[in-house]
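Enquirer: File follows, final14.pdb with PDB, C-alpha atoms:
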ATOM      1  CA  MET A   9       5.058  19.109  24.283
ATOM      2  CA  ASP A  10       3.381  16.217  26.057
ATOM      3  CA  PRO A  11       5.584  13.074  25.683
ATOM      4  CA  MET A  12       2.483  11.019  24.739
ATOM      5  CA  ARG A  13       1.867  13.333  21.835
ATOM      6  CA  GLU A  14       5.522  13.177  20.797
ATOM      7  CA  LYS A  15       5.451   9.366  20.608
ATOM      8  CA  SER A  16       2.176   9.388  18.654
ATOM      9  CA  ILE A  17       3.547  11.994  16.246
ATOM     10  CA  GLU A  18       6.702   9.906  15.752
ATOM     11  CA  LEU A  19       4.680   6.770  15.001
ATOM     12  CA  LEU A  20       2.264   8.595  12.712
ATOM     13  CA  ASN A  21       5.186  10.064  10.781
ATOM     14  CA  GLY A  22       6.338   6.464  10.409
ATOM     15  CA  VAL A  23       3.001   5.770   8.719
ATOM     16  CA  VAL A  24       3.520   8.753   6.411
ATOM     17  CA  ALA A  25       7.006   7.516   5.458
ATOM     18  CA  ASP A  26       5.851   3.922   4.861
ATOM     19  CA  GLU A  27       2.785   4.926   2.899
ATOM     20  CA  LEU A  28       4.634   7.473   0.727
ATOM     21  CA  ALA A  29       7.137   4.773  -0.187
ATOM     22  CA  ALA A  30       4.279   2.377  -0.971
ATOM     23  CA  ILE A  31       2.564   4.977  -3.158
ATOM     24  CA  HIS A  32       5.727   5.437  -5.214
ATOM     25  CA  GLN A  33       6.350   1.685  -5.476
ATOM     26  CA  TYR A  34       2.774   0.888  -6.485
ATOM     27  CA  LEU A  35       2.666   3.669  -9.066
ATOM     28  CA  TYR A  36       5.888   2.312 -10.552
ATOM     29  CA  PHE A  37       4.273  -1.136 -10.746
ATOM     30  CA  HIS A  38       1.107   0.409 -12.208
ATOM     31  CA  PHE A  39       3.062   2.107 -15.006
ATOM     32  CA  HIS A  40       4.886  -1.101 -15.930
ATOM     33  CA  CYS A  41       1.798  -3.321 -15.803
ATOM     34  CA  GLU A  42      -0.083  -0.841 -17.946
ATOM     35  CA  ASP A  43       2.807  -0.692 -20.407
ATOM     36  CA  GLN A  44       2.837  -4.492 -20.626
ATOM     37  CA  GLY A  45      -0.918  -4.603 -21.285
ATOM     38  CA  TYR A  46      -1.910  -6.005 -17.887
ATOM     39  CA  ASP A  47      -4.751  -3.594 -17.219
ATOM     40  CA  LEU A  48      -6.309  -5.628 -14.406
ATOM     41  CA  LEU A  49      -3.080  -5.640 -12.399
ATOM     42  CA  ALA A  50      -2.309  -2.041 -13.355
ATOM     43  CA  GLY A  51      -5.700  -1.064 -11.944
ATOM     44  CA  LEU A  52      -5.072  -2.987  -8.730
ATOM     45  CA  PHE A  53      -1.759  -1.204  -8.179
ATOM     46  CA  MET A  54      -3.369   2.184  -8.916
ATOM     47  CA  LYS A  55      -6.257   1.534  -6.528
ATOM     48  CA  THR A  56      -3.879   0.423  -3.778
ATOM     49  CA  SER A  57      -1.786   3.536  -4.347
ATOM     50  CA  LEU A  58      -4.896   5.693  -3.897
ATOM     51  CA  ASP A  59      -5.740   3.831  -0.668
ATOM     52  CA  GLU A  60      -2.208   4.520   0.568
ATOM     53  CA  MET A  61      -2.644   8.220  -0.255
ATOM     54  CA  HIS A  62      -5.696   8.230   1.977
ATOM     55  CA  HIS A  63      -3.616   6.635   4.751
ATOM     56  CA  VAL A  64      -1.086   9.471   4.469
ATOM     57  CA  GLU A  65      -3.912  11.984   4.722
ATOM     58  CA  VAL A  66      -5.389  10.375   7.856
ATOM     59  CA  ALA A  67      -1.989  10.193   9.563
ATOM     60  CA  ALA A  68      -1.117  13.767   8.572
ATOM     61  CA  GLU A  69      -4.401  15.130   9.916
ATOM     62  CA  ARG A  70      -3.786  13.411  13.259
ATOM     63  CA  ILE A  71      -0.178  14.672  13.398
ATOM     64  CA  LEU A  72      -1.353  18.237  12.868
ATOM     65  CA  PHE A  73      -4.127  17.811  15.440
ATOM     66  CA  LEU A  74      -1.494  16.673  17.962
ATOM     67  CA  GLY A  75       0.567  19.793  17.223
ATOM     68  CA  GLY A  76       3.305  18.109  15.225
ATOM     69  CA  ASP A  77       4.627  18.560  11.724
ATOM     70  CA  VAL A  78       4.247  16.089   8.874
ATOM     71  CA  GLU A  79       7.528  14.663   7.586
ATOM     72  CA  MET A  80       7.112  13.972   3.883
ATOM     73  CA  LYS A  81      10.028  11.547   3.426
ATOM     74  CA  PRO A  82       9.417   8.104   1.887
ATOM     75  CA  ALA A  83      10.776   5.258   4.027
ATOM     76  CA  PHE A  84      12.576   3.592   1.111
ATOM     77  CA  PRO A  85      13.318   4.186  -2.580
ATOM     78  CA  VAL A  86      11.406   2.535  -5.399
ATOM     79  CA  GLU A  87      12.673  -0.908  -6.373
ATOM     80  CA  LYS A  88      12.819  -1.191 -10.142
ATOM     81  CA  ILE A  89      10.957  -4.464 -10.545
ATOM     82  CA  THR A  90       9.280  -5.120 -13.899
ATOM     83  CA  ASP A  91       8.488  -8.850 -13.645
ATOM     84  CA  VAL A  92       4.830  -9.229 -12.646
ATOM     85  CA  ARG A  93       5.357 -12.104 -10.211
ATOM     86  CA  GLU A  94       8.173 -10.208  -8.486
ATOM     87  CA  MET A  95       5.951  -7.109  -8.292
ATOM     88  CA  LEU A  96       3.186  -9.070  -6.605
ATOM     89  CA  VAL A  97       5.566 -10.775  -4.180
ATOM     90  CA  LYS A  98       7.097  -7.412  -3.269
ATOM     91  CA  ALA A  99       3.656  -5.841  -2.803
ATOM     92  CA  ARG A 100       2.460  -8.705  -0.614
ATOM     93  CA  LYS A 101       5.618  -8.471   1.503
ATOM     94  CA  MET A 102       5.183  -4.705   1.915
ATOM     95  CA  GLU A 103       1.613  -5.194   3.103
ATOM     96  CA  GLU A 104       2.624  -7.987   5.478
ATOM     97  CA  GLU A 105       5.314  -5.776   7.014
ATOM     98  CA  SER A 106       2.852  -2.893   7.386
ATOM     99  CA  VAL A 107       0.353  -5.131   9.179
ATOM    100  CA  ALA A 108       3.007  -6.226  11.689
ATOM    101  CA  GLU A 109       4.307  -2.696  12.186
ATOM    102  CA  TYR A 110       0.897  -1.049  12.576
ATOM    103  CA  ASN A 111      -0.248  -3.746  14.999
ATOM    104  CA  GLU A 112       2.814  -3.048  17.122
ATOM    105  CA  TRP A 113       2.222   0.691  16.922
ATOM    106  CA  ALA A 114      -1.435   0.254  17.942
ATOM    107  CA  ASN A 115      -0.181  -1.455  21.096
ATOM    108  CA  ILE A 116       2.260   1.389  21.763
ATOM    109  CA  ALA A 117      -0.538   3.950  21.275
ATOM    110  CA  THR A 118      -2.629   1.987  23.785
ATOM    111  CA  ALA A 119       0.236   2.071  26.294
ATOM    112  CA  GLU A 120       0.548   5.822  25.685
ATOM    113  CA  LYS A 121      -3.200   6.195  26.373
ATOM    114  CA  ASP A 122      -3.899   7.579  22.889
ATOM    115  CA  ALA A 123      -7.060   5.788  21.799
ATOM    116  CA  ALA A 124      -7.636   7.922  18.686
ATOM    117  CA  THR A 125      -4.180   7.140  17.297
ATOM    118  CA  ARG A 126      -4.631   3.468  18.250
ATOM    119  CA  LYS A 127      -7.860   3.392  16.223
ATOM    120  CA  ILE A 128      -6.054   4.844  13.201
ATOM    121  CA  PHE A 129      -3.500   2.038  13.421
ATOM    122  CA  GLU A 130      -6.229  -0.590  13.794
ATOM    123  CA  ASP A 131      -8.031   0.761  10.721
ATOM    124  CA  LEU A 132      -4.755   0.736   8.791
ATOM    125  CA  VAL A 133      -4.179  -2.900   9.753
ATOM    126  CA  ALA A 134      -7.572  -3.847   8.306
ATOM    127  CA  ASP A 135      -6.816  -2.046   5.021
ATOM    128  CA  GLU A 136      -3.320  -3.518   4.736
ATOM    129  CA  GLU A 137      -4.653  -7.026   5.414
ATOM    130  CA  ARG A 138      -7.144  -6.522   2.576
ATOM    131  CA  HIS A 139      -4.316  -5.399   0.269
ATOM    132  CA  TYR A 140      -2.237  -8.413   1.329
ATOM    133  CA  ASP A 141      -5.131 -10.701   0.474
ATOM    134  CA  GLN A 142      -5.565  -9.099  -2.969
ATOM    135  CA  TYR A 143      -1.886  -9.556  -3.847
ATOM    136  CA  ASP A 144      -1.889 -13.076  -2.434
ATOM    137  CA  GLN A 145      -4.889 -13.899  -4.647
ATOM    138  CA  GLU A 146      -3.111 -12.538  -7.723
ATOM    139  CA  ILE A 147      -0.051 -14.672  -6.945
ATOM    140  CA  ASP A 148      -2.362 -17.653  -6.590
ATOM    141  CA  ASN A 149      -3.904 -16.842  -9.993
ATOM    142  CA  LEU A 150      -0.433 -16.788 -11.558
ATOM    143  CA  ASP A 151       0.414 -20.100  -9.890
ATOM    144  CA  ARG A 152      -2.788 -21.741 -11.090
ATOM    145  CA  PHE A 153      -3.030 -20.293 -14.593
ATOM    146  CA  GLY A 154       0.557 -19.311 -15.375
ATOM    147  CA  GLU A 155       1.304 -17.063 -18.305
ATOM    148  CA  LYS A 156      -2.226 -17.671 -19.616
ATOM    149  CA  TYR A 157      -3.501 -15.416 -16.835
ATOM    150  CA  LEU A 158      -1.360 -12.533 -18.068
ATOM    151  CA  ALA A 159      -2.066 -13.302 -21.715
ATOM    152  CA  LEU A 160      -5.808 -13.018 -21.091
ATOM    153  CA  GLN A 161      -5.319  -9.522 -19.688
ATOM    154  CA  SER A 162      -3.364  -8.475 -22.783
ATOM    155  CA  ILE A 163      -5.983  -9.981 -25.087
ATOM    156  CA  GLU A 164      -8.768  -8.121 -23.262
ATOM    157  CA  ARG A 165      -6.873  -4.865 -23.722
ATOM    158  CA  SER A 166      -6.357  -5.539 -27.421
ATOM    159  CA  LYS A 167     -10.045  -6.336 -27.860
ATOM    160  CA  SER A 168     -11.118  -3.146 -26.087
ATOM    161  CA  MET A 169      -8.675  -1.016 -28.079
ATOM    162  CA  SER A 170      -9.875  -2.453 -31.398
ATOM    163  CA  GLY A 171     -13.524  -2.079 -30.441
ATOM    164  CA  GLY A 172     -14.077  -5.852 -30.583
ATOM    165  CA  ASP A 173     -16.041  -7.909 -28.096
TER
END
Let's see the structure in the file written out as structure tokens.
Expert:
Amino acid sequence: MDPMREKSIELLNGVVADELAAIHQYLYFHFHCEDQGYDLLAGLFMKTSLDEMHHVEVAAERILFLGGDVEMKPAFPVEKITDVREMLVKARKMEEESVAEYNEWANIATAEKDAATRKIFEDLVADEERHYDQYDQEIDNLDRFGEKYLALQSIERSKSMSGGD
């Protein structure tokens, strides 16, 4: 196999591993936020998880196009975090690390003369920066409004479940 393709396949499998781990972590956070009545945050974690699933799909399609095989191994196990602030800090850190990693990998793909793989990494960076910003905003909301911010989410859920306005 062409060494350029091998390097691209290796990097793209790194995306698969990172994104699978993120999917598992964000679903775990989703379940716990939902259980605690924080529907807004639960929805954010679910939506991010779905975005990460799409990232796996894009990377896997490129791997197969390049003649490789998709390694379906998450990069890290789920951290059992149930405190909302800690969840958001962890999520923001994960996104920040992905941005740095995918930027580096885009540069490697450029050096390997693989423009299509480079573009995938550049698109991933844009998505991960958006996710970072969303989690950063939620942390800012907690800092500004404190427990009231979370209480409002629980109250909204209670109102919707009781049929009240």
Enquirer: So what do you get for CA of Glu136 (chain A) versus CA of Lys156 (chain A), distance-wise?
Expert: 28.2 Å
Enquirer: Distance CA of His40 (chain A)-CA of Lys88 (chain A), one decimal place?
Expert: 9.8 Å
Enquirer: If we count only C-alpha atoms and set the cut-off at 10 Å, which residues sit around region 48-53 of chain A, ignoring sequence neighbours fewer than 5 positions away in its own chain? Please answer as a ChimeraX atom specification.
Expert: /A:31,33-43,58-59,92,95-96,99,139,142-143,146,158,160-162,164-165
Enquirer: Name all residues at most 9 Å from Arg93 (chain A) (count only C-alpha atoms; drop same-chain ones fewer than 5 positions away) and give them as a ChimeraX atom specification.
Expert: /A:98,146-147,150
Enquirer: Apply the PyMOL selection byres ((chain A and resi 29) around 8) to the displayed file and report the matching residues as a short mmCIF file (atom, residue, chain, number, x, y, z; two decimals) with C-alpha atoms, keeping the file's coordinate frame.
Expert:
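So out-v7.cif came out as:
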data_model
loop_
_atom_site.label_atom_id
_atom_site.label_comp_id
_atom_site.auth_asym_id
_atom_site.auth_seq_id
_atom_site.Cartn_x
_atom_site.Cartn_y
_atom_site.Cartn_z
CA ALA A 25 7.01 7.52 5.46
CA ASP A 26 5.85 3.92 4.86
CA GLU A 27 2.78 4.93 2.90
CA LEU A 28 4.63 7.47 0.73
CA ALA A 30 4.28 2.38 -0.97
CA ILE A 31 2.56 4.98 -3.16
CA HIS A 32 5.73 5.44 -5.21
CA GLN A 33 6.35 1.68 -5.48
CA PRO A 82 9.42 8.10 1.89
CA ALA A 83 10.78 5.26 4.03
CA PHE A 84 12.58 3.59 1.11
CA PRO A 85 13.32 4.19 -2.58
CA VAL A 86 11.41 2.54 -5.40
#
Enquirer: Would you list the contacts of Glu130 (chain A) as a PDB file with C-alpha atoms, in the frame of the given file, taking every protein, DNA or RNA residue within 8 Å and counting all atoms listed in the file, but skipping same-chain residues closer than 5 positions in sequence?
Expert:
ATOM      1  CA  TYR A 110       0.897  -1.049  12.576  1.00  0.00           C
ATOM      2  CA  ASN A 111      -0.248  -3.746  14.999  1.00  0.00           C
ATOM      3  CA  ALA A 114      -1.435   0.254  17.942  1.00  0.00           C
TER       4      ALA A 114
END
Enquirer: Using only C-alpha atoms, pick whichever of A:Ala123, A:Asp91, A:Asn149, A:His62 has the shortest atom-to-atom distance to Asp135 (chain A).
Expert: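 Between A:Ala123, A:Asp91, A:Asn149, A:His62, the residue approaching Asp135 (chain A) most closely is A:His62.
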Enquirer: Padding 4 Å on every side, please: axis-aligned box over the listed atoms of region 147-159 of chain A, centre and edge lengths to one decimal in Å, as AutoDock Vina command-line options.
Expert:
--center_x -1.3 --center_y -17.1 --center_z -14.2 --size_x 13.2 --size_y 17.2 --size_z 23.1
Enquirer: Rounded to one decimal, what separation in Å do you get between CA of Arg152 (chain A) and CA of Gln44 (chain A)?
Expert: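 Interatomic distance, CA of Arg152 (chain A) to CA of Gln44 (chain A): 20.5 Å.
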Enquirer: Would you please work out which residue, of A:Asp144, A:Asp47, A:Ile89, A:Glu79, is nearest to Glu104 (chain A) when using all atoms listed in the file?
Expert: A:Asp144
Enquirer: Looking at A:Ala108, A:Val24, A:Leu19, A:Ile128, which one is nearest to Glu65 (chain A), with distances taken over all atoms listed in the file?
Expert: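 Of all the options, A:Val24 lies closest to Glu65 (chain A).
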Enquirer: Select, from A:Glu137, A:Glu103, A:Glu14, A:Glu112, the residue with the minimum atom-to-atom distance to Leu74 (chain A), counting all atoms listed in the file.
Expert: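 Closest to Leu74 (chain A) of all the choices is A:Glu14.
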Enquirer: Missing atoms in region 73-94 of chain A need filling: write out N, CA and C atoms for it as a PDB file, keeping the file's coordinate frame.
Expert:
ATOM      1  N   PHE A  73      -3.255  17.664  14.280  1.00  0.00           N
ATOM      2  CA  PHE A  73      -4.127  17.811  15.440  1.00  0.00           C
ATOM      3  C   PHE A  73      -3.317  17.734  16.738  1.00  0.00           C
ATOM      4  N   LEU A  74      -2.324  16.847  16.761  1.00  0.00           N
ATOM      5  CA  LEU A  74      -1.494  16.673  17.962  1.00  0.00           C
ATOM      6  C   LEU A  74      -0.434  17.769  18.111  1.00  0.00           C
ATOM      7  N   GLY A  75      -0.370  18.673  17.135  1.00  0.00           N
ATOM      8  CA  GLY A  75       0.567  19.793  17.223  1.00  0.00           C
ATOM      9  C   GLY A  75       1.928  19.522  16.618  1.00  0.00           C
ATOM     10  N   GLY A  76       2.032  18.447  15.855  1.00  0.00           N
ATOM     11  CA  GLY A  76       3.305  18.109  15.225  1.00  0.00           C
ATOM     12  C   GLY A  76       3.377  18.604  13.799  1.00  0.00           C
ATOM     13  N   ASP A  77       4.452  18.227  13.130  1.00  0.00           N
ATOM     14  CA  ASP A  77       4.627  18.560  11.724  1.00  0.00           C
ATOM     15  C   ASP A  77       4.766  17.266  10.934  1.00  0.00           C
ATOM     16  N   VAL A  78       4.251  17.263   9.729  1.00  0.00           N
ATOM     17  CA  VAL A  78       4.247  16.089   8.874  1.00  0.00           C
ATOM     18  C   VAL A  78       5.579  16.019   8.126  1.00  0.00           C
ATOM     19  N   GLU A  79       6.267  14.895   8.298  1.00  0.00           N
ATOM     20  CA  GLU A  79       7.528  14.663   7.586  1.00  0.00           C
ATOM     21  C   GLU A  79       7.209  13.917   6.294  1.00  0.00           C
ATOM     22  N   MET A  80       7.482  14.551   5.178  1.00  0.00           N
ATOM     23  CA  MET A  80       7.112  13.972   3.883  1.00  0.00           C
ATOM     24  C   MET A  80       8.305  13.272   3.224  1.00  0.00           C
ATOM     25  N   LYS A  81       8.867  12.286   3.940  1.00  0.00           N
ATOM     26  CA  LYS A  81      10.028  11.547   3.426  1.00  0.00           C
ATOM     27  C   LYS A  81       9.672  10.076   3.287  1.00  0.00           C
ATOM     28  N   PRO A  82       9.694   9.536   2.054  1.00  0.00           N
ATOM     29  CA  PRO A  82       9.417   8.104   1.887  1.00  0.00           C
ATOM     30  C   PRO A  82      10.419   7.254   2.672  1.00  0.00           C
ATOM     31  N   ALA A  83       9.950   6.135   3.196  1.00  0.00           N
ATOM     32  CA  ALA A  83      10.776   5.258   4.027  1.00  0.00           C
ATOM     33  C   ALA A  83      11.856   4.530   3.224  1.00  0.00           C
ATOM     34  N   PHE A  84      11.608   4.314   1.935  1.00  0.00           N
ATOM     35  CA  PHE A  84      12.576   3.592   1.111  1.00  0.00           C
ATOM     36  C   PHE A  84      12.387   4.000  -0.345  1.00  0.00           C
ATOM     37  N   PRO A  85      13.440   3.835  -1.156  1.00  0.00           N
ATOM     38  CA  PRO A  85      13.318   4.186  -2.580  1.00  0.00           C
ATOM     39  C   PRO A  85      12.565   3.111  -3.354  1.00  0.00           C
ATOM     40  N   VAL A  86      12.113   3.465  -4.519  1.00  0.00           N
ATOM     41  CA  VAL A  86      11.406   2.535  -5.399  1.00  0.00           C
ATOM     42  C   VAL A  86      12.374   1.454  -5.869  1.00  0.00           C
ATOM     43  N   GLU A  87      11.914   0.195  -5.790  1.00  0.00           N
ATOM     44  CA  GLU A  87      12.673  -0.908  -6.373  1.00  0.00           C
ATOM     45  C   GLU A  87      12.209  -1.077  -7.806  1.00  0.00           C
ATOM     46  N   LYS A  88      13.149  -1.112  -8.723  1.00  0.00           N
ATOM     47  CA  LYS A  88      12.819  -1.191 -10.142  1.00  0.00           C
ATOM     48  C   LYS A  88      12.581  -2.647 -10.546  1.00  0.00           C
ATOM     49  N   ILE A  89      11.382  -3.097 -10.248  1.00  0.00           N
ATOM     50  CA  ILE A  89      10.957  -4.464 -10.545  1.00  0.00           C
ATOM     51  C   ILE A  89       9.954  -4.384 -11.692  1.00  0.00           C
ATOM     52  N   THR A  90      10.196  -5.151 -12.758  1.00  0.00           N
ATOM     53  CA  THR A  90       9.280  -5.120 -13.899  1.00  0.00           C
ATOM     54  C   THR A  90       8.637  -6.476 -14.170  1.00  0.00           C
ATOM     55  N   ASP A  91       9.104  -7.535 -13.521  1.00  0.00           N
ATOM     56  CA  ASP A  91       8.488  -8.850 -13.645  1.00  0.00           C
ATOM     57  C   ASP A  91       7.229  -8.885 -12.767  1.00  0.00           C
ATOM     58  N   VAL A  92       6.110  -9.287 -13.341  1.00  0.00           N
ATOM     59  CA  VAL A  92       4.830  -9.229 -12.646  1.00  0.00           C
ATOM     60  C   VAL A  92       4.832 -10.052 -11.363  1.00  0.00           C
ATOM     61  N   ARG A  93       5.320 -11.273 -11.417  1.00  0.00           N
ATOM     62  CA  ARG A  93       5.357 -12.104 -10.211  1.00  0.00           C
ATOM     63  C   ARG A  93       6.169 -11.417  -9.113  1.00  0.00           C
ATOM     64  N   GLU A  94       7.331 -10.896  -9.472  1.00  0.00           N
ATOM     65  CA  GLU A  94       8.173 -10.208  -8.486  1.00  0.00           C
ATOM     66  C   GLU A  94       7.469  -8.969  -7.924  1.00  0.00           C
TER      67      GLU A  94
END
